[in-house]
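model-v9.tsv follows (TSV, C-alpha atoms and all ligand atoms):
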chain	number	residue	atom	x	y	z
A	1	MET	CA	-66.21	-7.09	18.59
A	2	VAL	CA	-63.85	-4.78	16.74
A	3	SER	CA	-65.15	-2.92	13.70
A	4	VAL	CA	-62.75	-2.95	10.75
A	5	GLU	CA	-62.78	-0.32	8.00
A	6	VAL	CA	-60.65	-0.06	4.88
A	7	VAL	CA	-59.81	3.49	3.81
A	8	ARG	CA	-57.47	5.24	1.45
A	9	GLY	CA	-55.21	8.08	2.56
A	10	ASP	CA	-52.26	9.31	4.58
A	11	ILE	CA	-52.09	7.59	7.96
A	12	THR	CA	-50.73	10.73	9.66
A	13	ALA	CA	-54.09	12.44	9.03
A	14	GLU	CA	-56.24	9.64	10.48
A	15	ASP	CA	-58.96	10.43	13.03
A	16	VAL	CA	-57.78	7.81	15.58
A	17	ASP	CA	-55.98	7.85	18.93
A	18	THR	CA	-53.22	5.48	17.79
A	19	ILE	CA	-51.39	4.88	14.53
A	20	VAL	CA	-49.13	1.96	13.73
A	21	ASN	CA	-45.81	2.56	12.02
A	22	ALA	CA	-44.19	0.03	9.66
A	23	ALA	CA	-40.81	0.67	11.25
A	24	ASN	CA	-37.37	-0.85	10.85
A	25	SER	CA	-35.64	-2.39	13.83
A	26	SER	CA	-33.56	0.73	14.58
A	27	LEU	CA	-36.80	2.68	15.26
A	28	ARG	CA	-35.01	5.84	14.09
A	29	GLY	CA	-37.12	6.39	11.00
A	30	GLY	CA	-36.69	5.45	7.35
A	31	GLY	CA	-38.57	5.67	4.07
A	32	GLY	CA	-42.20	5.12	3.10
A	33	VAL	CA	-44.81	5.40	5.83
A	34	ASP	CA	-42.05	5.42	8.47
A	35	GLY	CA	-40.60	8.59	6.94
A	36	ALA	CA	-44.02	10.25	6.74
A	37	ILE	CA	-44.76	9.50	10.39
A	38	HIS	CA	-41.36	10.74	11.57
A	39	ARG	CA	-41.69	13.96	9.56
A	40	ALA	CA	-45.10	14.64	11.08
A	41	ALA	CA	-44.12	13.65	14.63
A	42	GLY	CA	-40.85	15.60	14.72
A	43	PRO	CA	-37.36	14.67	15.91
A	44	ARG	CA	-38.41	13.51	19.37
A	45	LEU	CA	-39.94	10.40	17.78
A	46	ALA	CA	-36.53	9.13	16.63
A	47	GLU	CA	-35.06	9.82	20.07
A	48	ALA	CA	-37.85	7.89	21.77
A	49	GLY	CA	-37.53	5.09	19.23
A	50	ALA	CA	-33.78	4.77	19.59
A	51	ALA	CA	-34.21	4.30	23.34
A	52	LEU	CA	-36.43	1.25	22.68
A	53	ALA	CA	-34.39	-0.28	19.83
A	54	PRO	CA	-33.66	-2.78	18.49
A	55	CYS	CA	-37.14	-4.10	17.83
A	56	PRO	CA	-37.14	-7.55	16.20
A	57	PRO	CA	-39.46	-8.46	13.29
A	58	GLY	CA	-42.95	-9.39	14.50
A	59	GLU	CA	-42.67	-7.27	17.66
A	60	ALA	CA	-44.25	-3.92	18.55
A	61	VAL	CA	-43.43	-1.05	20.94
A	62	ALA	CA	-45.16	2.25	21.68
A	63	THR	CA	-44.03	5.87	21.86
A	64	PRO	CA	-45.94	9.14	22.24
A	65	ALA	CA	-47.12	10.80	19.02
A	66	PHE	CA	-45.24	14.05	19.80
A	67	ASP	CA	-46.08	16.63	17.07
A	68	LEU	CA	-48.65	14.52	15.21
A	69	ASP	CA	-52.03	16.24	15.15
A	70	PRO	CA	-54.71	15.29	17.69
A	71	PRO	CA	-56.54	13.04	18.21
A	72	ILE	CA	-53.43	10.89	17.52
A	73	ARG	CA	-51.72	10.33	20.89
A	74	HIS	CA	-49.67	7.16	20.42
A	75	VAL	CA	-47.50	5.56	17.75
A	76	ILE	CA	-47.02	1.81	17.84
A	77	HIS	CA	-43.89	0.80	15.96
A	78	THR	CA	-43.90	-2.69	14.53
A	79	VAL	CA	-41.22	-4.27	12.37
A	80	GLY	CA	-42.55	-6.32	9.47
A	81	PRO	CA	-40.72	-9.18	7.82
A	82	VAL	CA	-38.63	-8.61	4.71
A	83	TRP	CA	-40.10	-10.85	1.97
A	84	LYS	CA	-37.62	-13.61	1.08
A	85	GLY	CA	-39.89	-15.84	-1.00
A	86	GLY	CA	-42.33	-16.90	1.69
A	87	THR	CA	-40.44	-19.81	3.23
A	88	ARG	CA	-38.73	-17.91	6.05
A	89	GLY	CA	-41.71	-17.54	8.36
A	90	GLU	CA	-42.81	-14.29	6.75
A	91	ALA	CA	-46.55	-14.99	7.12
A	92	ASP	CA	-46.28	-15.76	10.85
A	93	LEU	CA	-44.13	-12.68	11.41
A	94	LEU	CA	-46.56	-10.44	9.54
A	95	ALA	CA	-49.52	-11.82	11.52
A	96	SER	CA	-47.51	-11.25	14.69
A	97	CYS	CA	-47.08	-7.56	13.76
A	98	TYR	CA	-50.86	-7.04	13.71
A	99	ARG	CA	-51.47	-9.17	16.82
A	100	ARG	CA	-48.70	-7.62	18.92
A	101	SER	CA	-49.72	-4.12	17.83
A	102	LEU	CA	-53.26	-4.75	19.10
A	103	GLU	CA	-51.89	-6.14	22.36
A	104	VAL	CA	-49.78	-3.01	22.84
A	105	ALA	CA	-52.84	-0.91	21.90
A	106	ASP	CA	-54.77	-2.63	24.70
A	107	GLU	CA	-51.96	-1.82	27.14
A	108	LEU	CA	-52.25	1.84	26.09
A	109	GLY	CA	-56.03	1.84	26.46
A	110	ALA	CA	-56.39	2.70	22.77
A	111	ARG	CA	-59.90	2.78	21.30
A	112	SER	CA	-59.15	3.42	17.62
A	113	VAL	CA	-56.09	2.20	15.73
A	114	ALA	CA	-54.98	2.81	12.13
A	115	PHE	CA	-52.61	0.37	10.42
A	116	PRO	CA	-50.64	0.83	7.20
A	117	ALA	CA	-50.11	-2.12	4.83
A	118	ILE	CA	-47.10	-3.41	6.78
A	119	SER	CA	-44.20	-4.87	4.73
A	120	THR	CA	-45.85	-4.28	1.34
A	121	GLY	CA	-43.58	-1.39	0.31
A	122	ILE	CA	-39.82	-1.46	0.65
A	123	TYR	CA	-39.98	-4.88	2.38
A	124	GLY	CA	-41.55	-6.47	-0.71
A	125	TYR	CA	-44.37	-8.59	0.76
A	126	PRO	CA	-46.90	-9.56	-1.96
A	127	PRO	CA	-49.75	-7.11	-1.28
A	128	ASP	CA	-52.59	-9.60	-1.91
A	129	GLN	CA	-51.25	-12.07	0.65
A	130	ALA	CA	-50.45	-9.27	3.09
A	131	ALA	CA	-54.00	-7.87	2.81
A	132	ARG	CA	-55.53	-11.21	3.74
A	133	ILE	CA	-53.21	-11.60	6.74
A	134	ALA	CA	-54.02	-8.05	7.89
A	135	VAL	CA	-57.78	-8.61	7.79
A	136	ASP	CA	-57.78	-12.15	9.21
A	137	THR	CA	-55.39	-11.33	12.06
A	138	VAL	CA	-57.20	-8.17	13.14
A	139	LEU	CA	-60.53	-10.02	13.14
A	140	SER	CA	-59.19	-13.02	15.09
A	141	THR	CA	-57.24	-11.15	17.79
A	142	PRO	CA	-59.14	-10.53	21.03
A	143	THR	CA	-58.90	-6.79	21.82
A	144	ARG	CA	-60.65	-3.94	23.60
A	145	VAL	CA	-59.90	-1.68	20.60
A	146	GLU	CA	-63.27	-0.67	19.13
A	147	ARG	CA	-62.28	0.59	15.70
A	148	VAL	CA	-59.46	-0.56	13.39
A	149	ARG	CA	-58.80	1.32	10.16
A	150	LEU	CA	-56.67	-0.38	7.52
A	151	VAL	CA	-55.16	2.53	5.61
A	152	ALA	CA	-54.12	2.05	1.99
A	153	PHE	CA	-51.92	4.69	0.39
A	154	ASP	CA	-52.55	3.54	-3.17
A	155	ARG	CA	-55.58	2.30	-5.04
A	156	PRO	CA	-54.40	-1.33	-5.64
A	157	THR	CA	-53.80	-1.79	-1.91
A	158	PHE	CA	-57.18	-0.23	-1.14
A	159	GLU	CA	-58.88	-2.70	-3.48
A	160	LEU	CA	-56.96	-5.70	-2.12
A	161	LEU	CA	-57.81	-4.83	1.47
A	162	GLY	CA	-61.47	-4.31	0.56
A	163	GLU	CA	-61.57	-7.66	-1.19
A	164	ALA	CA	-59.91	-9.37	1.79
A	165	LEU	CA	-62.48	-7.83	4.14
A	166	ARG	CA	-65.44	-8.86	1.96
A	167	THR	CA	-64.18	-12.46	1.65
A	168	ARG	CA	-62.63	-12.89	5.08
A	169	SER	CA	-62.03	-16.38	6.35
B	201	LIG	P1	-42.31	-1.62	4.62
B	201	LIG	O1	-40.86	-1.26	4.83
B	201	LIG	O2	-42.92	-2.30	5.85
B	201	LIG	O3	-42.55	-2.36	3.36
B	201	LIG	P2	-43.30	0.91	3.45
B	201	LIG	O4	-43.48	2.20	4.19
B	201	LIG	O5	-42.26	0.86	2.39
B	201	LIG	O6	-43.08	-0.20	4.60
B	201	LIG	O7	-44.69	0.51	2.80
B	201	LIG	C1	-45.79	0.02	3.52
B	201	LIG	C2	-47.07	0.59	2.92
B	201	LIG	O8	-47.26	1.93	3.41
B	201	LIG	C3	-47.08	0.71	1.40
B	201	LIG	O9	-48.35	0.26	0.93
B	201	LIG	C4	-46.92	2.21	1.17
B	201	LIG	O10	-47.53	2.62	-0.05
B	201	LIG	C5	-47.68	2.74	2.35
B	201	LIG	N1	-47.48	4.15	2.71
B	201	LIG	C6	-46.46	4.98	2.37
B	201	LIG	N2	-46.67	6.20	2.91
B	201	LIG	C7	-47.84	6.15	3.60
B	201	LIG	C8	-48.61	7.07	4.37
B	201	LIG	N3	-48.22	8.35	4.55
B	201	LIG	N4	-49.78	6.64	4.93
B	201	LIG	C9	-50.20	5.37	4.77
B	201	LIG	N5	-49.52	4.44	4.07
B	201	LIG	C10	-48.35	4.82	3.48
Please render this file's structure as structure tokens.
Amino acid sequence: MVSVEVVRGDITAEDVDTIVNAANSSLRGGGGVDGAIHRAAGPRLAEAGAALAPCPPGEAVATPAFDLDPPIRHVIHTVGPVWKGGTRGEADLLASCYRRSLEVADELGARSVAFPAISTGIYGYPPDQAARIAVDTVLSTPTRVERVRLVAFDRPTFELLGEALRTRS
């Protein structure tokens, strides 16, 4: 059974073997957490991403971590849904991001995976609903990953993820 922790910080400094990037479908880098990961990984990350693009919403693909600090070895790029009011399948797509990322993590043999709060920044997903989907999907997806860290950059997200974990369904 996977152990899930909620922490606050910068995902590029996580003590895990694999981090998940909230990417856009070009996989060439962008703003927010995507920009932070690309800056820390160096230009080879965009080259590797471009070779795998386009990645549709709800899907996930892996690249090496390039210049990211050990123990991070892999980056899983997943494309979250853009929030359009909640009636365009956003919840299923967001759940798919977490599920597919864990499936790709299993293919990599990952033991510890850190996720950002996918879609809750530039893509506009309501952070309370996104936190619940993150926690419930990670806990209901069969995986050989031992440790999942849900990484909040800001305090409100940290509190929402903690609340979702304490009151998980
Ligand atoms: P999206 O386009 O999927 O909405 P964003 O990167 O805009 O992605 O935001 C997703 C979440 O990642 C937000 O909660 C944002 O505050 C957070 N974030 C931004 N930078 C970092 C970072 N270095 N580490 C972890 N989370 C981050």
Would you name the residues within 9 Å of ligand LIG 201 (chain B), counting only C-alpha atoms and all ligand atoms, and put them as an mmCIF file with C-alpha atoms, keeping the file's coordinate frame?
data_model
loop_
_atom_site.group_PDB
_atom_site.id
_atom_site.type_symbol
_atom_site.label_atom_id
_atom_site.label_comp_id
_atom_site.auth_asym_id
_atom_site.auth_seq_id
_atom_site.Cartn_x
_atom_site.Cartn_y
_atom_site.Cartn_z
ATOM 1 C CA ARG A 8 -57.470 5.240 1.450
ATOM 2 C CA GLY A 9 -55.210 8.080 2.560
ATOM 3 C CA ASP A 10 -52.260 9.310 4.580
ATOM 4 C CA ILE A 11 -52.090 7.590 7.960
ATOM 5 C CA THR A 12 -50.730 10.730 9.660
ATOM 6 C CA ALA A 13 -54.090 12.440 9.030
ATOM 7 C CA ASN A 21 -45.810 2.560 12.020
ATOM 8 C CA ALA A 22 -44.190 0.030 9.660
ATOM 9 C CA ALA A 23 -40.810 0.670 11.250
ATOM 10 C CA ASN A 24 -37.370 -0.850 10.850
ATOM 11 C CA GLY A 30 -36.690 5.450 7.350
ATOM 12 C CA GLY A 31 -38.570 5.670 4.070
ATOM 13 C CA GLY A 32 -42.200 5.120 3.100
ATOM 14 C CA VAL A 33 -44.810 5.400 5.830
ATOM 15 C CA ASP A 34 -42.050 5.420 8.470
ATOM 16 C CA GLY A 35 -40.600 8.590 6.940
ATOM 17 C CA ALA A 36 -44.020 10.250 6.740
ATOM 18 C CA ILE A 37 -44.760 9.500 10.390
ATOM 19 C CA THR A 78 -43.900 -2.690 14.530
ATOM 20 C CA VAL A 79 -41.220 -4.270 12.370
ATOM 21 C CA GLY A 80 -42.550 -6.320 9.470
ATOM 22 C CA PRO A 81 -40.720 -9.180 7.820
ATOM 23 C CA VAL A 82 -38.630 -8.610 4.710
ATOM 24 C CA TRP A 83 -40.100 -10.850 1.970
ATOM 25 C CA PHE A 115 -52.610 0.370 10.420
ATOM 26 C CA PRO A 116 -50.640 0.830 7.200
ATOM 27 C CA ALA A 117 -50.110 -2.120 4.830
ATOM 28 C CA ILE A 118 -47.100 -3.410 6.780
ATOM 29 C CA SER A 119 -44.200 -4.870 4.730
ATOM 30 C CA THR A 120 -45.850 -4.280 1.340
ATOM 31 C CA GLY A 121 -43.580 -1.390 0.310
ATOM 32 C CA ILE A 122 -39.820 -1.460 0.650
ATOM 33 C CA TYR A 123 -39.980 -4.880 2.380
ATOM 34 C CA GLY A 124 -41.550 -6.470 -0.710
ATOM 35 C CA TYR A 125 -44.370 -8.590 0.760
ATOM 36 C CA PRO A 127 -49.750 -7.110 -1.280
ATOM 37 C CA VAL A 151 -55.160 2.530 5.610
ATOM 38 C CA ALA A 152 -54.120 2.050 1.990
ATOM 39 C CA PHE A 153 -51.920 4.690 0.390
ATOM 40 C CA ASP A 154 -52.550 3.540 -3.170
ATOM 41 C CA THR A 157 -53.800 -1.790 -1.910
#
Which residue, A:Arg73, A:Val138, A:Arg147, A:Arg132, has the smallest gap to Arg168 in chain A when you use only C-alpha atoms?
A:Arg132
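Computed from the coordinates, the CA of Pro56 in chain A to CA of Ser26 in chain A distance equals 9.2 Å.
Considering the residues A:Leu45, A:Met1, A:Ile76, A:Leu165 and counting only C-alpha atoms, Leu102 in chain A has its shortest atom-to-atom contact with A:Ile76.
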Just the number, please: distance in Å from CA of Ala164 in chain A to CA of Ala91 in chain A, one decimal.
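The value is 15.4 Å.
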Any chance you could build range 60-71 of chain A out to all heavy atoms and write it as a PDB file, in the coordinates of the input?
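The new file result36.pdb reads:
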ATOM      1  N   ALA A  60     -43.685  -5.265  18.590  1.00  0.00           N
ATOM      2  CA  ALA A  60     -44.250  -3.920  18.550  1.00  0.00           C
ATOM      3  C   ALA A  60     -43.950  -3.197  19.857  1.00  0.00           C
ATOM      4  O   ALA A  60     -43.989  -3.813  20.926  1.00  0.00           O
ATOM      5  CB  ALA A  60     -45.757  -3.983  18.330  1.00  0.00           C
ATOM      6  N   VAL A  61     -43.651  -1.891  19.761  1.00  0.00           N
ATOM      7  CA  VAL A  61     -43.430  -1.050  20.940  1.00  0.00           C
ATOM      8  C   VAL A  61     -44.114   0.295  20.705  1.00  0.00           C
ATOM      9  O   VAL A  61     -44.324   0.688  19.557  1.00  0.00           O
ATOM     10  CB  VAL A  61     -41.931  -0.814  21.242  1.00  0.00           C
ATOM     11  CG1 VAL A  61     -41.234  -2.108  21.631  1.00  0.00           C
ATOM     12  CG2 VAL A  61     -41.229  -0.158  20.058  1.00  0.00           C
ATOM     13  N   ALA A  62     -44.406   0.987  21.790  1.00  0.00           N
ATOM     14  CA  ALA A  62     -45.160   2.250  21.680  1.00  0.00           C
ATOM     15  C   ALA A  62     -44.313   3.441  22.103  1.00  0.00           C
ATOM     16  O   ALA A  62     -43.472   3.347  23.000  1.00  0.00           O
ATOM     17  CB  ALA A  62     -46.402   2.189  22.560  1.00  0.00           C
ATOM     18  N   THR A  63     -44.573   4.576  21.437  1.00  0.00           N
ATOM     19  CA  THR A  63     -44.030   5.870  21.860  1.00  0.00           C
ATOM     20  C   THR A  63     -45.186   6.882  21.838  1.00  0.00           C
ATOM     21  O   THR A  63     -46.232   6.630  21.237  1.00  0.00           O
ATOM     22  CB  THR A  63     -42.941   6.401  20.901  1.00  0.00           C
ATOM     23  OG1 THR A  63     -43.540   6.684  19.629  1.00  0.00           O
ATOM     24  CG2 THR A  63     -41.789   5.416  20.741  1.00  0.00           C
ATOM     25  N   PRO A  64     -44.968   8.057  22.447  1.00  0.00           N
ATOM     26  CA  PRO A  64     -45.940   9.140  22.240  1.00  0.00           C
ATOM     27  C   PRO A  64     -45.970   9.553  20.772  1.00  0.00           C
ATOM     28  O   PRO A  64     -45.054   9.231  20.005  1.00  0.00           O
ATOM     29  CB  PRO A  64     -45.394  10.280  23.109  1.00  0.00           C
ATOM     30  CG  PRO A  64     -44.444   9.637  24.069  1.00  0.00           C
ATOM     31  CD  PRO A  64     -43.870   8.447  23.353  1.00  0.00           C
ATOM     32  N   ALA A  65     -46.988  10.325  20.405  1.00  0.00           N
ATOM     33  CA  ALA A  65     -47.120  10.800  19.020  1.00  0.00           C
ATOM     34  C   ALA A  65     -46.439  12.146  18.808  1.00  0.00           C
ATOM     35  O   ALA A  65     -46.390  12.629  17.680  1.00  0.00           O
ATOM     36  CB  ALA A  65     -48.588  10.892  18.643  1.00  0.00           C
ATOM     37  N   PHE A  66     -45.946  12.766  19.883  1.00  0.00           N
ATOM     38  CA  PHE A  66     -45.240  14.050  19.800  1.00  0.00           C
ATOM     39  C   PHE A  66     -46.007  15.053  18.941  1.00  0.00           C
ATOM     40  O   PHE A  66     -47.133  15.371  19.268  1.00  0.00           O
ATOM     41  CB  PHE A  66     -43.786  13.832  19.331  1.00  0.00           C
ATOM     42  CG  PHE A  66     -43.015  12.994  20.316  1.00  0.00           C
ATOM     43  CD1 PHE A  66     -42.645  11.679  20.028  1.00  0.00           C
ATOM     44  CD2 PHE A  66     -42.700  13.499  21.570  1.00  0.00           C
ATOM     45  CE1 PHE A  66     -41.960  10.904  20.952  1.00  0.00           C
ATOM     46  CE2 PHE A  66     -42.010  12.725  22.506  1.00  0.00           C
ATOM     47  CZ  PHE A  66     -41.650  11.435  22.190  1.00  0.00           C
ATOM     48  N   ASP A  67     -45.454  15.531  17.811  1.00  0.00           N
ATOM     49  CA  ASP A  67     -46.080  16.630  17.070  1.00  0.00           C
ATOM     50  C   ASP A  67     -47.168  16.204  16.082  1.00  0.00           C
ATOM     51  O   ASP A  67     -47.672  17.049  15.323  1.00  0.00           O
ATOM     52  CB  ASP A  67     -45.014  17.418  16.288  1.00  0.00           C
ATOM     53  CG  ASP A  67     -43.992  18.064  17.207  1.00  0.00           C
ATOM     54  OD1 ASP A  67     -44.290  18.240  18.410  1.00  0.00           O
ATOM     55  OD2 ASP A  67     -42.881  18.378  16.739  1.00  0.00           O
ATOM     56  N   LEU A  68     -47.515  14.925  16.062  1.00  0.00           N
ATOM     57  CA  LEU A  68     -48.650  14.520  15.210  1.00  0.00           C
ATOM     58  C   LEU A  68     -49.912  15.224  15.709  1.00  0.00           C
ATOM     59  O   LEU A  68     -50.058  15.498  16.900  1.00  0.00           O
ATOM     60  CB  LEU A  68     -48.836  12.998  15.269  1.00  0.00           C
ATOM     61  CG  LEU A  68     -47.911  12.202  14.350  1.00  0.00           C
ATOM     62  CD1 LEU A  68     -47.693  10.798  14.886  1.00  0.00           C
ATOM     63  CD2 LEU A  68     -48.476  12.152  12.935  1.00  0.00           C
ATOM     64  N   ASP A  69     -50.825  15.503  14.775  1.00  0.00           N
ATOM     65  CA  ASP A  69     -52.030  16.240  15.150  1.00  0.00           C
ATOM     66  C   ASP A  69     -52.970  15.379  15.987  1.00  0.00           C
ATOM     67  O   ASP A  69     -53.114  14.187  15.734  1.00  0.00           O
ATOM     68  CB  ASP A  69     -52.788  16.677  13.871  1.00  0.00           C
ATOM     69  CG  ASP A  69     -52.078  17.827  13.176  1.00  0.00           C
ATOM     70  OD1 ASP A  69     -51.359  18.584  13.861  1.00  0.00           O
ATOM     71  OD2 ASP A  69     -52.249  17.950  11.950  1.00  0.00           O
ATOM     72  N   PRO A  70     -53.649  15.988  16.980  1.00  0.00           N
ATOM     73  CA  PRO A  70     -54.710  15.290  17.690  1.00  0.00           C
ATOM     74  C   PRO A  70     -55.781  14.865  16.684  1.00  0.00           C
ATOM     75  O   PRO A  70     -55.956  15.570  15.680  1.00  0.00           O
ATOM     76  CB  PRO A  70     -55.262  16.343  18.654  1.00  0.00           C
ATOM     77  CG  PRO A  70     -54.203  17.400  18.742  1.00  0.00           C
ATOM     78  CD  PRO A  70     -53.451  17.357  17.442  1.00  0.00           C
ATOM     79  N   PRO A  71     -56.509  13.803  16.954  1.00  0.00           N
ATOM     80  CA  PRO A  71     -56.540  13.040  18.210  1.00  0.00           C
ATOM     81  C   PRO A  71     -55.440  11.979  18.345  1.00  0.00           C
ATOM     82  O   PRO A  71     -55.479  11.203  19.292  1.00  0.00           O
ATOM     83  CB  PRO A  71     -57.919  12.374  18.155  1.00  0.00           C
ATOM     84  CG  PRO A  71     -58.135  12.118  16.689  1.00  0.00           C
ATOM     85  CD  PRO A  71     -57.510  13.295  15.987  1.00  0.00           C
TER      86      PRO A  71
END
